[in-house]
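Peer 1: See protein35.txt below, with compact mmCIF, C-alpha atoms (C1' of nucleotides).
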# COMPACT_ATOMS: atom_id res chain seq x y z
CA MET P 1 125.32 -21.44 -3.00
CA LYS P 2 126.61 -19.92 -6.20
CA ILE P 3 127.89 -22.16 -9.01
CA ALA P 4 129.54 -20.75 -12.13
CA THR P 5 130.84 -21.99 -15.47
CA TYR P 6 133.49 -20.19 -17.49
CA ASN P 7 135.20 -21.16 -20.75
CA VAL P 8 138.50 -19.35 -20.13
CA ASN P 9 140.16 -20.04 -23.50
CA GLY P 10 143.60 -20.67 -21.98
CA VAL P 11 143.81 -20.79 -18.18
CA ASN P 12 147.35 -19.41 -17.97
CA GLY P 13 146.91 -16.59 -20.46
CA ARG P 14 143.63 -15.79 -18.69
CA LEU P 15 144.92 -15.99 -15.12
CA PRO P 16 144.68 -12.26 -14.23
CA VAL P 17 141.12 -12.09 -15.57
CA LEU P 18 140.15 -15.35 -13.85
CA LEU P 19 141.53 -14.21 -10.49
CA GLN P 20 139.88 -10.80 -10.76
CA TRP P 21 136.54 -12.39 -11.56
CA LEU P 22 136.86 -14.92 -8.70
CA GLN P 23 137.59 -12.08 -6.30
CA GLU P 24 134.65 -9.97 -7.46
CA SER P 25 132.11 -12.74 -7.90
CA THR P 26 133.16 -15.22 -5.14
CA PRO P 27 131.37 -18.26 -6.59
CA ASP P 28 131.35 -21.33 -4.32
CA VAL P 29 131.92 -23.72 -7.22
CA VAL P 30 133.45 -23.02 -10.64
CA CYS P 31 133.60 -25.20 -13.75
CA LEU P 32 136.31 -24.18 -16.20
CA GLN P 33 136.70 -25.25 -19.82
CA GLU P 34 139.39 -24.84 -22.45
CA LEU P 35 142.30 -24.81 -20.03
CA LYS P 36 144.65 -25.28 -23.01
CA ALA P 37 147.30 -26.47 -20.58
CA PRO P 38 148.90 -29.85 -19.86
CA GLN P 39 148.21 -31.39 -16.46
CA GLU P 40 151.41 -30.06 -14.88
CA LYS P 41 150.92 -26.48 -16.12
CA PHE P 42 147.63 -25.82 -14.33
CA PRO P 43 148.09 -22.71 -12.10
CA GLU P 44 147.22 -24.57 -8.89
CA LYS P 45 149.16 -22.26 -6.58
CA ALA P 46 147.53 -19.04 -7.77
CA ILE P 47 144.08 -20.61 -7.54
CA GLN P 48 144.79 -21.94 -4.04
CA ASP P 49 145.98 -18.50 -2.99
CA ALA P 50 142.66 -17.16 -4.24
CA GLY P 51 140.90 -19.52 -1.83
CA TYR P 52 139.95 -22.40 -4.11
CA HIS P 53 140.75 -26.10 -4.15
CA ALA P 54 140.70 -27.66 -7.59
CA ILE P 55 140.69 -30.85 -9.59
CA TRP P 56 141.47 -30.71 -13.30
CA HIS P 57 142.04 -32.77 -16.40
CA GLY P 58 144.58 -31.02 -18.57
CA GLN P 59 145.75 -31.62 -22.12
CA LYS P 60 148.55 -30.16 -24.17
CA SER P 61 147.39 -27.29 -26.40
CA TRP P 62 143.65 -28.02 -26.44
CA ASN P 63 140.62 -28.74 -24.30
CA GLY P 64 141.04 -29.25 -20.57
CA VAL P 65 138.43 -28.94 -17.79
CA ALA P 66 138.54 -28.15 -14.07
CA ILE P 67 136.29 -27.91 -11.02
CA LEU P 68 137.09 -25.36 -8.30
CA ALA P 69 135.48 -25.11 -4.87
CA ARG P 70 135.91 -22.30 -2.39
CA ASN P 71 137.39 -23.45 0.93
CA GLU P 72 136.49 -27.02 0.09
CA GLN P 73 138.07 -29.92 -1.76
CA PRO P 74 136.01 -31.22 -4.72
CA VAL P 75 135.79 -35.01 -4.46
CA GLU P 76 136.40 -36.39 -7.93
CA VAL P 77 133.92 -38.98 -9.15
CA ARG P 78 135.11 -39.47 -12.74
CA ARG P 79 137.08 -37.91 -15.56
CA GLY P 80 136.06 -38.63 -19.14
CA LEU P 81 132.69 -39.85 -20.38
CA PRO P 82 132.09 -43.59 -20.71
CA GLY P 83 131.40 -45.17 -24.09
CA GLU P 84 134.46 -44.51 -26.26
CA ALA P 85 137.70 -45.84 -24.81
CA GLU P 86 139.85 -44.37 -27.60
CA ASP P 87 138.60 -40.82 -26.92
CA ASP P 88 141.62 -39.05 -25.42
CA GLN P 89 140.26 -35.49 -25.39
CA SER P 90 139.94 -33.87 -21.94
CA ARG P 91 136.37 -32.68 -22.02
CA TYR P 92 134.61 -34.01 -18.95
CA ILE P 93 135.20 -34.07 -15.20
CA GLU P 94 132.76 -34.79 -12.39
CA ALA P 95 133.00 -34.20 -8.65
CA THR P 96 130.91 -33.97 -5.51
CA VAL P 97 130.89 -30.62 -3.73
CA ASN P 98 128.73 -29.94 -0.72
CA GLY P 99 126.43 -32.87 -1.51
CA ILE P 100 125.88 -31.87 -5.14
CA LEU P 101 127.24 -33.76 -8.13
CA ILE P 102 128.98 -31.20 -10.33
CA CYS P 103 129.47 -32.29 -13.96
CA CYS P 104 131.79 -30.01 -15.95
CA LEU P 105 131.71 -30.53 -19.71
CA TYR P 106 133.22 -29.09 -22.86
CA LEU P 107 131.22 -30.43 -25.77
CA PRO P 108 133.06 -30.62 -29.12
CA ASN P 109 132.62 -27.71 -31.51
CA GLY P 110 131.91 -30.00 -34.48
CA ASN P 111 132.82 -27.72 -37.38
CA PRO P 112 133.11 -28.18 -40.24
CA ALA P 113 129.80 -29.93 -40.68
CA PRO P 114 129.26 -32.42 -42.11
CA GLY P 115 132.51 -34.30 -41.48
CA PRO P 116 134.41 -36.38 -38.93
CA LYS P 117 134.47 -33.57 -36.36
CA PHE P 118 130.73 -33.22 -36.58
CA ASP P 119 130.33 -37.00 -36.25
CA TYR P 120 132.50 -36.88 -33.12
CA LYS P 121 130.31 -34.12 -31.71
CA LEU P 122 127.15 -36.15 -32.21
CA ARG P 123 128.75 -39.26 -30.70
CA TRP P 124 129.96 -37.24 -27.73
CA PHE P 125 126.48 -35.82 -27.29
CA GLU P 126 124.99 -39.34 -27.30
CA ARG P 127 127.50 -40.47 -24.68
CA LEU P 128 126.68 -37.44 -22.55
CA THR P 129 122.96 -38.14 -22.88
CA ALA P 130 123.43 -41.79 -21.90
CA HIS P 131 125.49 -40.83 -18.86
CA ALA P 132 123.03 -38.06 -17.92
CA ALA P 133 120.17 -40.58 -17.98
CA GLU P 134 121.96 -42.67 -15.35
CA LEU P 135 122.66 -39.61 -13.22
CA PHE P 136 119.05 -38.50 -13.52
CA ALA P 137 117.78 -41.95 -12.54
CA SER P 138 119.98 -41.90 -9.45
CA GLY P 139 117.76 -39.18 -7.99
CA LYS P 140 120.79 -37.29 -6.70
CA PRO P 141 121.14 -33.50 -6.93
CA VAL P 142 123.07 -32.98 -10.19
CA VAL P 143 124.33 -29.96 -12.13
CA LEU P 144 125.34 -30.54 -15.77
CA THR P 145 127.17 -27.42 -16.82
CA GLY P 146 129.75 -26.10 -19.22
CA ASP P 147 130.26 -25.14 -22.83
CA TYR P 148 127.72 -27.18 -24.81
CA ASN P 149 128.60 -25.56 -28.14
CA VAL P 150 124.88 -25.53 -28.94
CA MET P 151 122.41 -22.67 -29.28
CA PRO P 152 119.19 -24.43 -28.24
CA THR P 153 116.73 -22.13 -30.04
CA GLU P 154 116.59 -19.16 -32.40
CA ILE P 155 116.48 -16.61 -29.58
CA ASP P 156 119.93 -17.84 -28.52
CA VAL P 157 121.56 -16.53 -31.73
CA TYR P 158 121.99 -12.92 -32.83
CA LYS P 159 121.22 -13.86 -36.45
CA PRO P 160 119.77 -17.35 -36.59
CA GLU P 161 119.32 -17.26 -40.38
CA ARG P 162 123.10 -17.21 -40.78
CA TRP P 163 123.78 -20.17 -38.51
CA GLY P 164 121.58 -22.90 -39.96
CA ASP P 165 124.43 -24.95 -41.42
CA ASP P 166 126.84 -24.41 -38.55
CA ALA P 167 127.72 -27.29 -36.25
CA LEU P 168 126.51 -25.23 -33.28
CA PHE P 169 123.03 -24.76 -34.67
CA ARG P 170 122.27 -27.60 -37.08
CA PRO P 171 118.95 -29.34 -36.45
CA GLU P 172 120.62 -32.59 -35.32
CA VAL P 173 122.50 -30.74 -32.60
CA ARG P 174 119.53 -28.74 -31.40
CA GLN P 175 117.56 -31.97 -31.33
CA ALA P 176 120.33 -33.65 -29.33
CA PHE P 177 120.17 -30.86 -26.75
CA LYS P 178 116.38 -31.14 -26.60
CA THR P 179 116.58 -34.92 -26.15
CA LEU P 180 118.93 -34.41 -23.22
CA VAL P 181 116.80 -31.71 -21.57
CA ASP P 182 113.65 -33.79 -22.11
CA GLN P 183 115.01 -36.41 -19.74
CA GLY P 184 113.70 -33.97 -17.14
CA TRP P 185 116.48 -31.43 -16.71
CA THR P 186 115.88 -27.72 -16.17
CA ASP P 187 117.69 -25.16 -18.34
CA ALA P 188 118.28 -22.71 -15.48
CA ILE P 189 118.63 -19.51 -17.52
CA ARG P 190 115.55 -20.24 -19.62
CA LYS P 191 113.48 -21.15 -16.60
CA LEU P 192 114.10 -17.73 -15.06
CA TYR P 193 114.22 -15.76 -18.34
CA PRO P 194 112.05 -17.63 -20.85
CA ASP P 195 111.97 -14.91 -23.52
CA GLU P 196 115.03 -12.72 -23.00
CA LYS P 197 117.98 -12.40 -25.32
CA ILE P 198 120.84 -13.75 -23.24
CA TYR P 199 124.28 -14.51 -24.67
CA THR P 200 127.35 -16.14 -23.15
CA PHE P 201 129.80 -15.87 -26.07
CA TRP P 202 130.88 -13.10 -28.43
CA ASP P 203 133.47 -13.55 -31.19
CA TYR P 204 136.77 -11.69 -30.84
CA PHE P 205 136.47 -10.10 -34.26
CA ARG P 206 134.10 -7.84 -36.13
CA ASN P 207 133.44 -6.03 -32.83
CA ALA P 208 131.01 -8.77 -31.94
CA TYR P 209 130.81 -7.77 -28.27
CA SER P 210 130.11 -4.09 -28.87
CA ARG P 211 127.53 -5.04 -31.53
CA ASP P 212 126.11 -7.64 -29.13
CA ALA P 213 126.45 -10.25 -31.89
CA GLY P 214 126.45 -13.12 -29.42
CA LEU P 215 125.45 -16.71 -28.84
CA ARG P 216 124.09 -18.59 -25.82
CA ILE P 217 126.13 -21.79 -25.70
CA ASP P 218 127.14 -22.16 -22.03
CA HIS P 219 124.33 -23.80 -20.08
CA PHE P 220 123.22 -25.06 -16.69
CA LEU P 221 121.02 -28.15 -16.59
CA LEU P 222 119.60 -28.96 -13.15
CA SER P 223 118.07 -32.10 -11.71
CA PRO P 224 114.55 -31.72 -10.23
CA HIS P 225 115.89 -31.49 -6.69
CA LEU P 226 118.01 -28.48 -7.64
CA ASP P 227 115.35 -26.95 -9.87
CA LYS P 228 113.34 -26.40 -6.69
CA ARG P 229 116.32 -24.62 -5.09
CA LEU P 230 117.07 -22.29 -8.03
CA ILE P 231 116.67 -18.66 -6.98
CA ALA P 232 118.79 -16.68 -9.45
CA ALA P 233 120.93 -17.02 -12.59
CA GLY P 234 122.83 -14.72 -14.90
CA VAL P 235 125.80 -13.92 -17.08
CA ASN P 236 128.74 -11.75 -15.98
CA ARG P 237 128.76 -10.03 -19.37
CA ASN P 238 130.98 -7.20 -18.19
CA VAL P 239 133.88 -9.66 -17.88
CA ARG P 240 133.75 -10.08 -21.67
CA GLY P 241 134.66 -6.39 -21.92
CA TRP P 242 137.85 -6.64 -19.86
CA GLU P 243 141.38 -6.50 -21.29
CA LYS P 244 142.87 -9.83 -22.35
CA THR P 245 139.53 -11.54 -21.80
CA SER P 246 138.04 -14.81 -23.03
CA ASP P 247 135.50 -14.87 -25.87
CA HIS P 248 133.07 -16.43 -23.36
CA ALA P 249 131.63 -14.73 -20.29
CA PRO P 250 131.07 -16.52 -16.96
CA VAL P 251 127.56 -17.86 -16.35
CA TRP P 252 126.23 -18.50 -12.82
CA ILE P 253 123.32 -19.82 -10.81
CA GLU P 254 122.36 -19.30 -7.19
CA LEU P 255 120.79 -22.16 -5.20
CA ALA P 256 118.88 -21.74 -1.95
CA ASP P 257 120.31 -23.44 1.10
CA GLU P 258 118.61 -26.69 2.00
C1' DA F 1 130.06 -14.51 -46.26
C1' DT F 2 134.41 -14.35 -44.21
C1' DG F 3 138.74 -16.88 -38.67
C1' DC F 4 139.12 -10.20 -39.92
C1' DC F 5 141.12 -12.23 -33.37
C1' DG F 6 143.30 -14.90 -29.93
C1' DT F 7 145.80 -18.92 -27.82
C1' DG F 8 149.31 -22.42 -27.54
C1' DG F 9 153.22 -24.80 -29.44
C1' DA F 10 156.49 -24.91 -32.30
C1' DA F 11 159.15 -22.40 -35.09
C1' DA F 12 158.84 -17.25 -36.96
C1' DC F 13 153.95 -20.34 -39.26
C1' DC F 14 150.22 -23.48 -38.10
C1' DA F 15 146.11 -25.81 -35.85
C1' DC F 16 142.16 -24.73 -33.76
C1' DG F 17 138.28 -22.28 -31.93
C1' DA F 18 132.54 -21.01 -32.83
As structure tokens, please, write out the structure in this file.
Peer 2:
Amino acid sequence: MKIATYNVNGVNGRLPVLLQWLQESTPDVVCLQELKAPQEKFPEKAIQDAGYHAIWHGQKSWNGVAILARNEQPVEVRRGLPGEAEDDQSRYIEATVNGILICCLYLPNGNPAPGPKFDYKLRWFERLTAHAAELFASGKPVVLTGDYNVMPTEIDVYKPERWGDDALFRPEVRQAFKTLVDQGWTDAIRKLYPDEKIYTFWDYFRNAYSRDAGLRIDHFLLSPHLDKRLIAAGVNRNVRGWEKTSDHAPVWIELADE
DNA sequence: ATGCCGTGGAAACCACGA
């Protein structure tokens, strides 16, 4: 079973790239972030024609998350994280697919830091961590995946010395990621490739992709049950080189059948 | 060191992203 996450940076503007990648990669489950489309503008028909059923939480202009499943209907469990009723940003959706709880998240960027956006990021992280603790305690097979907007360690940044004050790399944020992982989750990429330079995002400008000036900010966290089933993981970096592409590349894991 | 690029929405610029 292959599960992927992809920050598309505009699902409608990215539709040809998304469909091409789905056709080439044929993931069983896909988590999308940054739809940048209101609920009624999600390209449901095109995605259905590609063989995927979907649930999504849209929002005008910004944010937006979706879960796709090939030849199967994702069964929605919740949309939105608990803990802040006034939070109206579409950044979290959760569904069951094939017995696995799929949690698709788009963690706030948080810049500029310090400031209210950074405070929101840290609050959102705390809410995610609280919810993740409940999911972990349930003992169910769980995947927490998406755009975390955090580089966990120095090897996840092309030039860590330049990123120390950035909201994606500040100590509080790295600590928040560590606190979450330390509940017992497995960072799938780092389990399989503990020392390799692996990026999932490259800026559009300054030729970041061709210079390989990248960041690793899209992650898969696995519950212990799924950690045992993990057989492969990677980044479809070539997709970042396509025309009209996102600034993120798709990230994927492969789980052994039960 | 820096939104230099890209997207969406509204209005021929601005907010926002990482």
Peer 1: Just the number, please: distance in Å from atom CA of P:Gly241 to atom CA of P:Ile3, one decimal.
Peer 2: 21.5 Å
Peer 1: From the set P:Trp185, P:Trp252, P:Tyr199, P:Trp56, which residue has the shortest atom-to-atom contact distance to P:Ala132, counting only C-alpha atoms?
Peer 2: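 Among P:Trp185, P:Trp252, P:Tyr199, P:Trp56, it is P:Trp185 that comes nearest to P:Ala132.
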Peer 1: What's around stretch 6-17 of chain F at 9 Å? Count only C-alpha atoms (C1' of nucleotides), leave out sequence neighbours fewer than 4 positions away in its own chain, and write the answer as a PyMOL selection string.
Peer 2: chain P and resi 9-10+13+36-37+60-62+109+204+246-247
Peer 1: Could you state the separation of atom CA of P:Leu221 and atom CA of P:Glu24 in Å, given to one decimal place?
Peer 2: 24.5 Å
Peer 1: Counting all atoms listed in the file, what is within 12 Å of P:Pro43, bar same-chain residues fewer than 2 positions away, as a VMD selection string?
Peer 2: chain P and resid 10 to 16 18 to 19 35 to 41 45 to 50 52 to 56 58 66 68
Peer 1: Could you save the residues just selected, with C-alpha atoms, as a compact mmCIF listing (two decimals), keeping the file's coordinate frame?
Peer 2:
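Everything below was put into out_9.txt:
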# COMPACT_ATOMS: atom_id res chain seq x y z
CA GLY P 10 143.60 -20.67 -21.98
CA VAL P 11 143.81 -20.79 -18.18
CA ASN P 12 147.35 -19.41 -17.97
CA GLY P 13 146.91 -16.59 -20.46
CA ARG P 14 143.63 -15.79 -18.69
CA LEU P 15 144.92 -15.99 -15.12
CA PRO P 16 144.68 -12.26 -14.23
CA LEU P 18 140.15 -15.35 -13.85
CA LEU P 19 141.53 -14.21 -10.49
CA LEU P 35 142.30 -24.81 -20.03
CA LYS P 36 144.65 -25.28 -23.01
CA ALA P 37 147.30 -26.47 -20.58
CA PRO P 38 148.90 -29.85 -19.86
CA GLN P 39 148.21 -31.39 -16.46
CA GLU P 40 151.41 -30.06 -14.88
CA LYS P 41 150.92 -26.48 -16.12
CA LYS P 45 149.16 -22.26 -6.58
CA ALA P 46 147.53 -19.04 -7.77
CA ILE P 47 144.08 -20.61 -7.54
CA GLN P 48 144.79 -21.94 -4.04
CA ASP P 49 145.98 -18.50 -2.99
CA ALA P 50 142.66 -17.16 -4.24
CA TYR P 52 139.95 -22.40 -4.11
CA HIS P 53 140.75 -26.10 -4.15
CA ALA P 54 140.70 -27.66 -7.59
CA ILE P 55 140.69 -30.85 -9.59
CA TRP P 56 141.47 -30.71 -13.30
CA GLY P 58 144.58 -31.02 -18.57
CA ALA P 66 138.54 -28.15 -14.07
CA LEU P 68 137.09 -25.36 -8.30
Peer 1: Could you tell me how far atom CA of P:Trp124 lies from atom CA of P:Glu84, in Å and to one decimal?
Peer 2: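 Computing the Euclidean distance for atom CA of P:Trp124 and atom CA of P:Glu84 yields 8.7 Å.
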Peer 1: Find the residue from P:Ala232, P:Val97, P:Ala4, P:Leu180 that sits nearest to P:Glu76; use all atoms listed in the file when measuring.
Peer 2: P:Val97
Peer 1: Kindly indicate which residue among P:Lys228, P:Arg162, P:Arg91, P:Arg190 lies nearest to chain F, using all atoms listed in the file for the distances.
Peer 2: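 Using all atoms listed in the file, chain F sits closest to P:Arg162.
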Peer 1: As number ranges by chain, please: the residues near P:Thr179 (cut-off 8 Å, only C-alpha atoms (C1' of nucleotides), same-chain neighbours under 4 positions excluded).
Peer 2: P: 129, 175, 183
Peer 1: Pick out the residues sitting within 8 Å of P:Ile93, and hand them over as a PyMOL selection string; count all atoms listed in the file, and ignore anything fewer than 2 positions along from it in its own chain.
Peer 2: chain P and resi 56-57+65-67+76-80+91+95+103-105
Peer 1: Any chance you can output those residues with C-alpha atoms as a CSV table (one decimal), in the frame of the given file?
Peer 2:
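See out04.csv below for the written result:
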chain,number,residue,atom,x,y,z
P,56,TRP,CA,141.5,-30.7,-13.3
P,57,HIS,CA,142.0,-32.8,-16.4
P,65,VAL,CA,138.4,-28.9,-17.8
P,66,ALA,CA,138.5,-28.2,-14.1
P,67,ILE,CA,136.3,-27.9,-11.0
P,76,GLU,CA,136.4,-36.4,-7.9
P,77,VAL,CA,133.9,-39.0,-9.2
P,78,ARG,CA,135.1,-39.5,-12.7
P,79,ARG,CA,137.1,-37.9,-15.6
P,80,GLY,CA,136.1,-38.6,-19.1
P,91,ARG,CA,136.4,-32.7,-22.0
P,95,ALA,CA,133.0,-34.2,-8.6
P,103,CYS,CA,129.5,-32.3,-14.0
P,104,CYS,CA,131.8,-30.0,-16.0
P,105,LEU,CA,131.7,-30.5,-19.7
Peer 1: Which residues are close to stretch 26-28 of chain P, i.e. within 6 Å by all atoms listed in the file, leaving aside same-chain residues fewer than 5 positions away? Reply as JSON, numbers by chain.
Peer 2: {"P": [2, 3, 69, 70]}
Peer 1: Which of these, P:Asp195, P:Asp203, P:Glu258, P:Asp147, has the shortest distance to F:DA18 once you count only C-alpha atoms (C1' of nucleotides)?
Peer 2: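 Comparing P:Asp195, P:Asp203, P:Glu258, P:Asp147 against F:DA18, the winner is P:Asp203.
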Peer 1: Name the closest residue to P:Val181 among the candidates P:Gly139, P:Asn7, P:Arg127, P:Leu144; distances are taken between atoms, counting only C-alpha atoms.
Peer 2: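 Of P:Gly139, P:Asn7, P:Arg127, P:Leu144, the one nearest P:Val181, counting only C-alpha atoms, is P:Leu144.
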